[in-house]
Amino acid sequence: MNVSTPTLAADYARDGYVFPLDIVSAEEAAEIRADLEKAEDEVRADKQHLRLLRGYPARLLPSFDRLVRHPNMIAAATAILGPDVILWGSGLFIKEANTPSFVSWHQDLTYWGLDQADEITLWVALSPAPSESGCMRFVPGSHRADIVPHADSFADDNLLTRGQEIAVEVDEASAVDAALQTGQASLHHGHLFHASGPNRTNDRRIGAAIRYIVPSMKASSGPETEVALIAGEDRYNNFRIVPPPKSRLDPADMAAVAVDAERRDSVLYAGAKAARG
């Protein structure tokens, strides 16, 4: 599906998601993946740097900064959020080949500390994401619910930070598999019920979750929270707007991201009995 499809906003309003969206070519996605995996190898000896790379790739890799500013990404984001868009964050969800890693049923906005729901996630497939590799699953229309109770599990194989899981019944029978080809994306609302299963294929399943919000939003982490202006203008000054990465894995960028990650983690793990990256 092209990002300029006339029904994109209406489909999103009805279901809480849209997929598949053609974002970049398979070749472009392969180049971004190769850059990521090279960076993983370069920082693997430092667990903190590896965590920051996977949690904030657009702050550390120019290739990901270009992805979050790609015209197709901006077209999809502005179709839903309007002309003014900032990048709240970027993060990688990686399931290694033939592993039990999964993502439990949850709503994205549960622990982020944002005061509004004007947020969307564009989940970009940097490797094939069929059902067999644990593609995302969506419950149509569930975005109309407010945040429902969640429980923390901190399960070892759960890729979510707190292992958070919806604590009310989920109608899994109605769930839709959001299978994607390399370079495609899905778009979903921050209240949508979604999950994903284990990767039963021989390739890594790599997804980049790119999160956009409107500038009028505020965050519990405060106005020092660092974001990037992607489209339009920021007339509110509710966040600190930062420029693209100085260079690939720049030490100053890495240090700044570490401070911002602590600021965000203080909100993300508030009230939790444990914490993990």
# chains A, B, ... in the order shown; residues from 1 in each chain; ligands from 1

$ residues_around --residues "segment 194-210 of chain A" --least-positions-apart "6" --cutoff "6 Å" --atoms "only C-alpha atoms" --output "ChimeraX atom specification"
/A:90-106,121-127,132-138

$ residues_around --residues "Ala167 of chain A" --least-positions-apart "5" --cutoff "7 Å" --atoms "only C-alpha atoms" --output "VMD selection string"
chain A and resid 149 to 151

$ closest_residue --among "A:Leu87, A:Leu229, A:Ile120, A:Ala75" --to "Gln107 of chain A" --atoms "only C-alpha atoms"
A:Ile120

$ closest_residue --among "A:Ile147, A:Tyr56, A:Leu8, A:Glu31" --to "Phe193 of chain A" --atoms "only C-alpha atoms"
A:Ile147

$ select_by_dssp --residues "segment 97-272 of chain A" --states "alpha helix (DSSP H)" --output "list in words"
Pro251, Ala252, Asp253, Met254, Ala255, Ala256, Val257, Ala258, Val259, Asp260, Ala261, Glu262, Arg263, Arg264, Asp265, Ser266, Val267 and Leu268 of chain A

$ residues_around --residues "Val267 of chain A" --least-positions-apart "4" --cutoff "7 Å" --atoms "only C-alpha atoms" --output "number ranges by chain"
A: 112-113, 220-221

$ closest_residue --among "A:Asp177, A:Asp250, A:Asp234, A:Glu165" --to "Ile213 of chain A" --atoms "only C-alpha atoms"
A:Asp234

$ closest_atom_pairs --of "segment 115-233 of chain A" --to "segment 77-81 of chain A" --cutoff "12 Å" --atoms "only C-alpha atoms" --output "JSON lines"
{"residue": "A:Ala117", "atom": "CA", "partner": "A:Leu81", "partner_atom": "CA", "distance": 10.5}
{"residue": "A:Asp118", "atom": "CA", "partner": "A:Leu81", "partner_atom": "CA", "distance": 6.8}
{"residue": "A:Glu119", "atom": "CA", "partner": "A:Leu81", "partner_atom": "CA", "distance": 7.6}
{"residue": "A:Ile120", "atom": "CA", "partner": "A:Ala77", "partner_atom": "CA", "distance": 7.4}
{"residue": "A:Thr121", "atom": "CA", "partner": "A:Ala77", "partner_atom": "CA", "distance": 8.7}
{"residue": "A:Leu122", "atom": "CA", "partner": "A:Ala77", "partner_atom": "CA", "distance": 8.1}
{"residue": "A:Trp123", "atom": "CA", "partner": "A:Ala77", "partner_atom": "CA", "distance": 11.8}
{"residue": "A:Ala185", "atom": "CA", "partner": "A:Ala77", "partner_atom": "CA", "distance": 11.9}
{"residue": "A:Ser186", "atom": "CA", "partner": "A:Ala77", "partner_atom": "CA", "distance": 11.4}
{"residue": "A:Leu187", "atom": "CA", "partner": "A:Ala77", "partner_atom": "CA", "distance": 8.7}
{"residue": "A:His188", "atom": "CA", "partner": "A:Ile80", "partner_atom": "CA", "distance": 10.3}
{"residue": "A:His189", "atom": "CA", "partner": "A:Ile80", "partner_atom": "CA", "distance": 9.9}
{"residue": "A:Ile210", "atom": "CA", "partner": "A:Ala77", "partner_atom": "CA", "distance": 10.1}
{"residue": "A:Arg211", "atom": "CA", "partner": "A:Ala77", "partner_atom": "CA", "distance": 9.3}
{"residue": "A:Tyr212", "atom": "CA", "partner": "A:Ala77", "partner_atom": "CA", "distance": 7.0}
{"residue": "A:Ile213", "atom": "CA", "partner": "A:Leu81", "partner_atom": "CA", "distance": 7.3}
{"residue": "A:Val214", "atom": "CA", "partner": "A:Leu81", "partner_atom": "CA", "distance": 6.5}
{"residue": "A:Pro215", "atom": "CA", "partner": "A:Leu81", "partner_atom": "CA", "distance": 10.0}
{"residue": "A:Ser216", "atom": "CA", "partner": "A:Leu81", "partner_atom": "CA", "distance": 11.1}
{"residue": "A:Met217", "atom": "CA", "partner": "A:Leu81", "partner_atom": "CA", "distance": 11.8}
{"residue": "A:Ile230", "atom": "CA", "partner": "A:Ala77", "partner_atom": "CA", "distance": 9.6}
{"residue": "A:Ala231", "atom": "CA", "partner": "A:Thr78", "partner_atom": "CA", "distance": 7.9}
{"residue": "A:Gly232", "atom": "CA", "partner": "A:Thr78", "partner_atom": "CA", "distance": 9.3}

$ write_last_selection --atoms "C-alpha atoms" --output "short mmCIF file (atom, residue, chain, number, x, y, z; two decimals), in the first residue's frame"
data_model
loop_
_atom_site.label_atom_id
_atom_site.label_comp_id
_atom_site.auth_asym_id
_atom_site.auth_seq_id
_atom_site.Cartn_x
_atom_site.Cartn_y
_atom_site.Cartn_z
CA ALA A 117 -2.74 9.82 22.89
CA ASP A 118 -1.67 11.68 19.74
CA GLU A 119 1.08 9.14 19.06
CA ILE A 120 1.64 6.61 16.30
CA THR A 121 4.21 3.91 15.78
CA LEU A 122 5.55 3.06 12.36
CA TRP A 123 7.07 -0.41 12.68
CA ALA A 185 5.89 -0.92 7.67
CA SER A 186 2.76 -1.10 9.75
CA LEU A 187 1.27 1.91 11.51
CA HIS A 188 -0.60 1.62 14.80
CA HIS A 189 -2.21 3.67 17.58
CA ILE A 210 9.58 4.57 15.08
CA ARG A 211 7.34 6.62 17.39
CA TYR A 212 5.95 9.99 16.39
CA ILE A 213 3.94 12.48 18.46
CA VAL A 214 2.55 16.00 18.08
CA PRO A 215 4.52 18.87 19.65
CA SER A 216 1.64 19.90 21.93
CA MET A 217 2.11 16.80 24.05
CA ILE A 230 10.63 15.70 11.82
CA ALA A 231 8.04 17.86 10.07
CA GLY A 232 6.54 21.32 10.42
#

$ residues_around --residues "Glu233 of chain A" --least-positions-apart "5" --cutoff "12 Å" --atoms "only C-alpha atoms" --output "ChimeraX atom specification"
/A:82-86,214-216,228,241

$ select_by_dssp --residues "segment 102-220 of chain A" --states "strand (DSSP E)" --output "MDAnalysis selection string"
chainID A and resid 103:106 119:125 136:138 150:151 165:166 176:178 184:189 194:196 205:213

$ residues_around --residues "Pro140 of chain A" --least-positions-apart "5" --cutoff "10 Å" --atoms "only C-alpha atoms" --output "PyMOL selection string"
chain A and resi 12+14-17+171+174-176+192-194

$ write_last_selection --atoms "N, CA and C atoms" --output "PDB file, in the first residue's frame"
ATOM      1  N   TYR A  12      -7.153   3.830   9.457  1.00  0.00           N
ATOM      2  CA  TYR A  12      -6.517   3.923  10.773  1.00  0.00           C
ATOM      3  C   TYR A  12      -7.547   4.264  11.843  1.00  0.00           C
ATOM      4  N   ARG A  14     -10.672   3.622  11.858  1.00  0.00           N
ATOM      5  CA  ARG A  14     -11.580   2.491  12.070  1.00  0.00           C
ATOM      6  C   ARG A  14     -10.918   1.352  12.839  1.00  0.00           C
ATOM      7  N   ASP A  15      -9.722   0.956  12.409  1.00  0.00           N
ATOM      8  CA  ASP A  15      -9.089  -0.249  12.942  1.00  0.00           C
ATOM      9  C   ASP A  15      -8.026   0.013  14.001  1.00  0.00           C
ATOM     10  N   GLY A  16      -7.414   1.206  13.973  1.00  0.00           N
ATOM     11  CA  GLY A  16      -6.306   1.487  14.886  1.00  0.00           C
ATOM     12  C   GLY A  16      -4.966   1.096  14.320  1.00  0.00           C
ATOM     13  N   TYR A  17      -4.942   0.639  13.080  1.00  0.00           N
ATOM     14  CA  TYR A  17      -3.696   0.252  12.416  1.00  0.00           C
ATOM     15  C   TYR A  17      -3.896   0.299  10.911  1.00  0.00           C
ATOM     16  N   ASP A 171      -9.397 -10.546  23.097  1.00  0.00           N
ATOM     17  CA  ASP A 171     -10.080 -11.381  22.107  1.00  0.00           C
ATOM     18  C   ASP A 171      -9.079 -11.794  21.021  1.00  0.00           C
ATOM     19  N   SER A 174      -9.942 -12.623  17.272  1.00  0.00           N
ATOM     20  CA  SER A 174     -10.160 -11.572  16.279  1.00  0.00           C
ATOM     21  C   SER A 174      -8.865 -10.932  15.800  1.00  0.00           C
ATOM     22  N   ALA A 175      -7.732 -11.356  16.366  1.00  0.00           N
ATOM     23  CA  ALA A 175      -6.458 -10.717  16.047  1.00  0.00           C
ATOM     24  C   ALA A 175      -6.051 -10.955  14.597  1.00  0.00           C
ATOM     25  N   VAL A 176      -5.353  -9.966  14.031  1.00  0.00           N
ATOM     26  CA  VAL A 176      -4.899  -9.997  12.636  1.00  0.00           C
ATOM     27  C   VAL A 176      -3.376 -10.026  12.617  1.00  0.00           C
ATOM     28  N   LEU A 192      -3.673   0.623  20.879  1.00  0.00           N
ATOM     29  CA  LEU A 192      -4.058  -0.631  20.226  1.00  0.00           C
ATOM     30  C   LEU A 192      -3.481  -1.842  20.960  1.00  0.00           C
ATOM     31  N   PHE A 193      -4.315  -2.867  21.159  1.00  0.00           N
ATOM     32  CA  PHE A 193      -3.831  -4.136  21.710  1.00  0.00           C
ATOM     33  C   PHE A 193      -2.975  -4.814  20.628  1.00  0.00           C
ATOM     34  N   HIS A 194      -1.731  -5.142  20.964  1.00  0.00           N
ATOM     35  CA  HIS A 194      -0.886  -5.849  20.001  1.00  0.00           C
ATOM     36  C   HIS A 194       0.135  -6.718  20.719  1.00  0.00           C
TER      37      HIS A 194
END

$ residues_around --residues "Asp35 of chain A" --least-positions-apart "2" --cutoff "12 Å" --atoms "only C-alpha atoms" --output "mmCIF file with N, CA and C atoms, in the first residue's frame"
data_model
loop_
_atom_site.group_PDB
_atom_site.id
_atom_site.type_symbol
_atom_site.label_atom_id
_atom_site.label_comp_id
_atom_site.auth_asym_id
_atom_site.auth_seq_id
_atom_site.Cartn_x
_atom_site.Cartn_y
_atom_site.Cartn_z
ATOM 1 N N GLU A 28 17.287 -0.948 0.091
ATOM 2 C CA GLU A 28 17.558 0.108 1.077
ATOM 3 C C GLU A 28 17.465 -0.440 2.499
ATOM 4 N N ALA A 29 16.468 -1.277 2.742
ATOM 5 C CA ALA A 29 16.325 -1.870 4.072
ATOM 6 C C ALA A 29 17.523 -2.744 4.406
ATOM 7 N N ALA A 30 18.031 -3.470 3.412
ATOM 8 C CA ALA A 30 19.198 -4.320 3.635
ATOM 9 C C ALA A 30 20.425 -3.489 3.996
ATOM 10 N N GLU A 31 20.561 -2.315 3.384
ATOM 11 C CA GLU A 31 21.678 -1.430 3.709
ATOM 12 C C GLU A 31 21.575 -0.913 5.142
ATOM 13 N N ILE A 32 20.365 -0.555 5.566
ATOM 14 C CA ILE A 32 20.170 -0.086 6.942
ATOM 15 C C ILE A 32 20.469 -1.217 7.920
ATOM 16 N N ARG A 33 19.985 -2.420 7.588
ATOM 17 C CA ARG A 33 20.257 -3.572 8.455
ATOM 18 C C ARG A 33 21.755 -3.834 8.557
ATOM 19 N N GLU A 37 23.909 -3.950 11.974
ATOM 20 C CA GLU A 37 24.620 -5.137 12.444
ATOM 21 C C GLU A 37 26.116 -4.876 12.554
ATOM 22 N N LYS A 38 26.659 -4.023 11.711
ATOM 23 C CA LYS A 38 28.052 -3.612 11.845
ATOM 24 C C LYS A 38 28.247 -2.852 13.153
ATOM 25 N N ALA A 39 27.302 -1.957 13.449
ATOM 26 C CA ALA A 39 27.374 -1.189 14.695
ATOM 27 C C ALA A 39 27.234 -2.107 15.909
ATOM 28 N N GLU A 40 26.343 -3.092 15.824
ATOM 29 C CA GLU A 40 26.201 -4.054 16.928
ATOM 30 C C GLU A 40 27.532 -4.730 17.219
ATOM 31 N N ASP A 41 28.227 -5.147 16.169
ATOM 32 C CA ASP A 41 29.523 -5.801 16.347
ATOM 33 C C ASP A 41 30.540 -4.853 16.976
ATOM 34 N N GLU A 42 30.470 -3.581 16.617
ATOM 35 C CA GLU A 42 31.444 -2.606 17.107
ATOM 36 C C GLU A 42 31.267 -2.292 18.588
ATOM 37 N N LEU A 53 22.306 1.586 21.609
ATOM 38 C CA LEU A 53 22.202 1.465 20.161
ATOM 39 C C LEU A 53 20.862 0.869 19.768
ATOM 40 N N PRO A 57 18.433 3.972 18.059
ATOM 41 C CA PRO A 57 19.278 3.931 16.861
ATOM 42 C C PRO A 57 19.284 5.224 16.056
ATOM 43 N N LEU A 60 21.969 7.630 17.070
ATOM 44 C CA LEU A 60 23.368 7.198 17.008
ATOM 45 C C LEU A 60 23.843 6.802 15.618
ATOM 46 N N LEU A 61 22.918 6.516 14.708
ATOM 47 C CA LEU A 61 23.288 6.081 13.368
ATOM 48 C C LEU A 61 22.634 6.988 12.323
ATOM 49 N N PRO A 62 23.420 7.668 11.502
ATOM 50 C CA PRO A 62 22.835 8.495 10.442
ATOM 51 C C PRO A 62 21.892 7.724 9.529
ATOM 52 N N SER A 63 22.147 6.436 9.317
ATOM 53 C CA SER A 63 21.266 5.648 8.457
ATOM 54 C C SER A 63 19.860 5.578 9.039
ATOM 55 N N PHE A 64 19.727 5.477 10.358
ATOM 56 C CA PHE A 64 18.413 5.443 10.991
ATOM 57 C C PHE A 64 17.799 6.833 11.067
ATOM 58 N N LEU A 126 13.048 -4.580 8.820
ATOM 59 C CA LEU A 126 14.387 -4.593 8.221
ATOM 60 C C LEU A 126 14.803 -6.003 7.834
ATOM 61 N N ARG A 248 28.574 8.719 12.979
ATOM 62 C CA ARG A 248 28.173 7.351 13.318
ATOM 63 C C ARG A 248 28.775 6.952 14.674
ATOM 64 N N LEU A 249 27.921 6.591 15.643
ATOM 65 C CA LEU A 249 28.329 6.185 16.990
ATOM 66 C C LEU A 249 29.232 7.240 17.643
#

$ residues_around --residues "Ser153 of chain A" --least-positions-apart "3" --cutoff "9 Å" --atoms "only C-alpha atoms" --output "PyMOL selection string"
chain A and resi 156+158+162-165

$ closest_residue --among "A:Lys47, A:Arg54, A:His70, A:Arg59" --to "Pro251 of chain A" --atoms "only C-alpha atoms"
A:Arg59

$ closest_residue --among "A:Ala34, A:Val227, A:Ala252, A:Ala261" --to "Phe239 of chain A" --atoms "only C-alpha atoms"
A:Val227

$ atom_distance --atom1 "atom CA of Gln116 of chain A" --atom2 "atom CA of Gly190 of chain A"
9.9 Å

$ decode --residues "segment 43-132 of chain A" --atoms "C-alpha atoms" --output "mmCIF file, in the first residue's frame"
data_model
loop_
_atom_site.group_PDB
_atom_site.id
_atom_site.type_symbol
_atom_site.label_atom_id
_atom_site.label_comp_id
_atom_site.auth_asym_id
_atom_site.auth_seq_id
_atom_site.Cartn_x
_atom_site.Cartn_y
_atom_site.Cartn_z
ATOM 1 C CA VAL A 43 29.803 -2.016 20.501
ATOM 2 C CA ARG A 44 29.000 -5.578 21.535
ATOM 3 C CA ALA A 45 31.706 -5.648 24.194
ATOM 4 C CA ASP A 46 29.976 -2.768 26.018
ATOM 5 C CA LYS A 47 26.517 -3.892 27.136
ATOM 6 C CA GLN A 48 25.400 -0.348 27.940
ATOM 7 C CA HIS A 49 26.377 0.939 24.504
ATOM 8 C CA LEU A 50 24.669 -2.035 22.854
ATOM 9 C CA ARG A 51 21.504 -1.294 24.840
ATOM 10 C CA LEU A 52 21.587 2.364 23.794
ATOM 11 C CA LEU A 53 22.202 1.465 20.161
ATOM 12 C CA ARG A 54 19.196 -0.857 20.095
ATOM 13 C CA GLY A 55 17.034 1.509 22.120
ATOM 14 C CA TYR A 56 17.902 4.768 20.322
ATOM 15 C CA PRO A 57 19.278 3.931 16.861
ATOM 16 C CA ALA A 58 18.110 7.190 15.253
ATOM 17 C CA ARG A 59 20.195 9.138 17.775
ATOM 18 C CA LEU A 60 23.368 7.198 17.008
ATOM 19 C CA LEU A 61 23.288 6.081 13.368
ATOM 20 C CA PRO A 62 22.835 8.495 10.442
ATOM 21 C CA SER A 63 21.266 5.648 8.457
ATOM 22 C CA PHE A 64 18.413 5.443 10.991
ATOM 23 C CA ASP A 65 18.114 9.219 11.213
ATOM 24 C CA ARG A 66 17.527 9.217 7.459
ATOM 25 C CA LEU A 67 14.923 6.465 7.887
ATOM 26 C CA VAL A 68 12.874 8.375 10.474
ATOM 27 C CA ARG A 69 12.959 11.435 8.169
ATOM 28 C CA HIS A 70 12.225 9.480 4.979
ATOM 29 C CA PRO A 71 9.505 11.164 2.868
ATOM 30 C CA ASN A 72 7.325 8.062 3.050
ATOM 31 C CA MET A 73 7.593 7.983 6.845
ATOM 32 C CA ILE A 74 6.734 11.673 7.056
ATOM 33 C CA ALA A 75 3.804 11.253 4.647
ATOM 34 C CA ALA A 76 2.314 8.484 6.778
ATOM 35 C CA ALA A 77 2.894 10.319 10.063
ATOM 36 C CA THR A 78 1.459 13.644 8.884
ATOM 37 C CA ALA A 79 -1.582 11.926 7.366
ATOM 38 C CA ILE A 80 -2.553 10.918 10.904
ATOM 39 C CA LEU A 81 -0.996 13.543 13.187
ATOM 40 C CA GLY A 82 -1.108 16.661 11.014
ATOM 41 C CA PRO A 83 1.714 18.837 9.678
ATOM 42 C CA ASP A 84 3.759 19.206 12.888
ATOM 43 C CA VAL A 85 5.497 15.998 13.985
ATOM 44 C CA ILE A 86 8.323 15.174 16.357
ATOM 45 C CA LEU A 87 10.125 11.890 16.873
ATOM 46 C CA TRP A 88 9.425 10.642 20.397
ATOM 47 C CA GLY A 89 11.766 7.701 19.996
ATOM 48 C CA SER A 90 13.111 4.828 17.954
ATOM 49 C CA GLY A 91 13.803 1.319 19.138
ATOM 50 C CA LEU A 92 14.663 -2.090 17.774
ATOM 51 C CA PHE A 93 12.743 -5.293 18.400
ATOM 52 C CA ILE A 94 15.085 -8.117 17.439
ATOM 53 C CA LYS A 95 14.177 -11.788 17.613
ATOM 54 C CA GLU A 96 17.145 -13.996 16.895
ATOM 55 C CA ALA A 97 16.633 -16.978 14.590
ATOM 56 C CA ASN A 98 14.785 -19.928 16.111
ATOM 57 C CA THR A 99 14.356 -18.400 19.547
ATOM 58 C CA PRO A 100 11.404 -18.191 21.984
ATOM 59 C CA SER A 101 11.434 -14.380 22.305
ATOM 60 C CA PHE A 102 7.961 -12.873 22.210
ATOM 61 C CA VAL A 103 6.039 -9.687 22.951
ATOM 62 C CA SER A 104 2.999 -9.989 25.230
ATOM 63 C CA TRP A 105 -0.335 -8.269 24.616
ATOM 64 C CA HIS A 106 0.060 -4.627 25.598
ATOM 65 C CA GLN A 107 -0.706 -0.991 24.786
ATOM 66 C CA ASP A 108 2.305 1.165 23.954
ATOM 67 C CA LEU A 109 1.322 4.262 25.911
ATOM 68 C CA THR A 110 0.946 2.435 29.234
ATOM 69 C CA TYR A 111 4.219 3.561 30.830
ATOM 70 C CA TRP A 112 5.571 6.338 28.621
ATOM 71 C CA GLY A 113 4.294 9.228 30.706
ATOM 72 C CA LEU A 114 2.739 11.182 27.825
ATOM 73 C CA ASP A 115 -0.301 13.329 28.556
ATOM 74 C CA GLN A 116 -2.171 12.693 25.302
ATOM 75 C CA ALA A 117 -2.741 9.817 22.890
ATOM 76 C CA ASP A 118 -1.669 11.676 19.740
ATOM 77 C CA GLU A 119 1.082 9.138 19.058
ATOM 78 C CA ILE A 120 1.636 6.610 16.304
ATOM 79 C CA THR A 121 4.213 3.908 15.784
ATOM 80 C CA LEU A 122 5.547 3.064 12.356
ATOM 81 C CA TRP A 123 7.067 -0.408 12.676
ATOM 82 C CA VAL A 124 9.537 -0.914 9.816
ATOM 83 C CA ALA A 125 10.623 -4.419 8.814
ATOM 84 C CA LEU A 126 14.387 -4.593 8.221
ATOM 85 C CA SER A 127 14.089 -8.333 7.614
ATOM 86 C CA PRO A 128 11.153 -10.457 6.451
ATOM 87 C CA ALA A 129 8.349 -10.435 9.047
ATOM 88 C CA PRO A 130 5.879 -13.225 8.182
ATOM 89 C CA SER A 131 3.800 -15.033 10.775
ATOM 90 C CA GLU A 132 6.534 -17.655 11.126
#
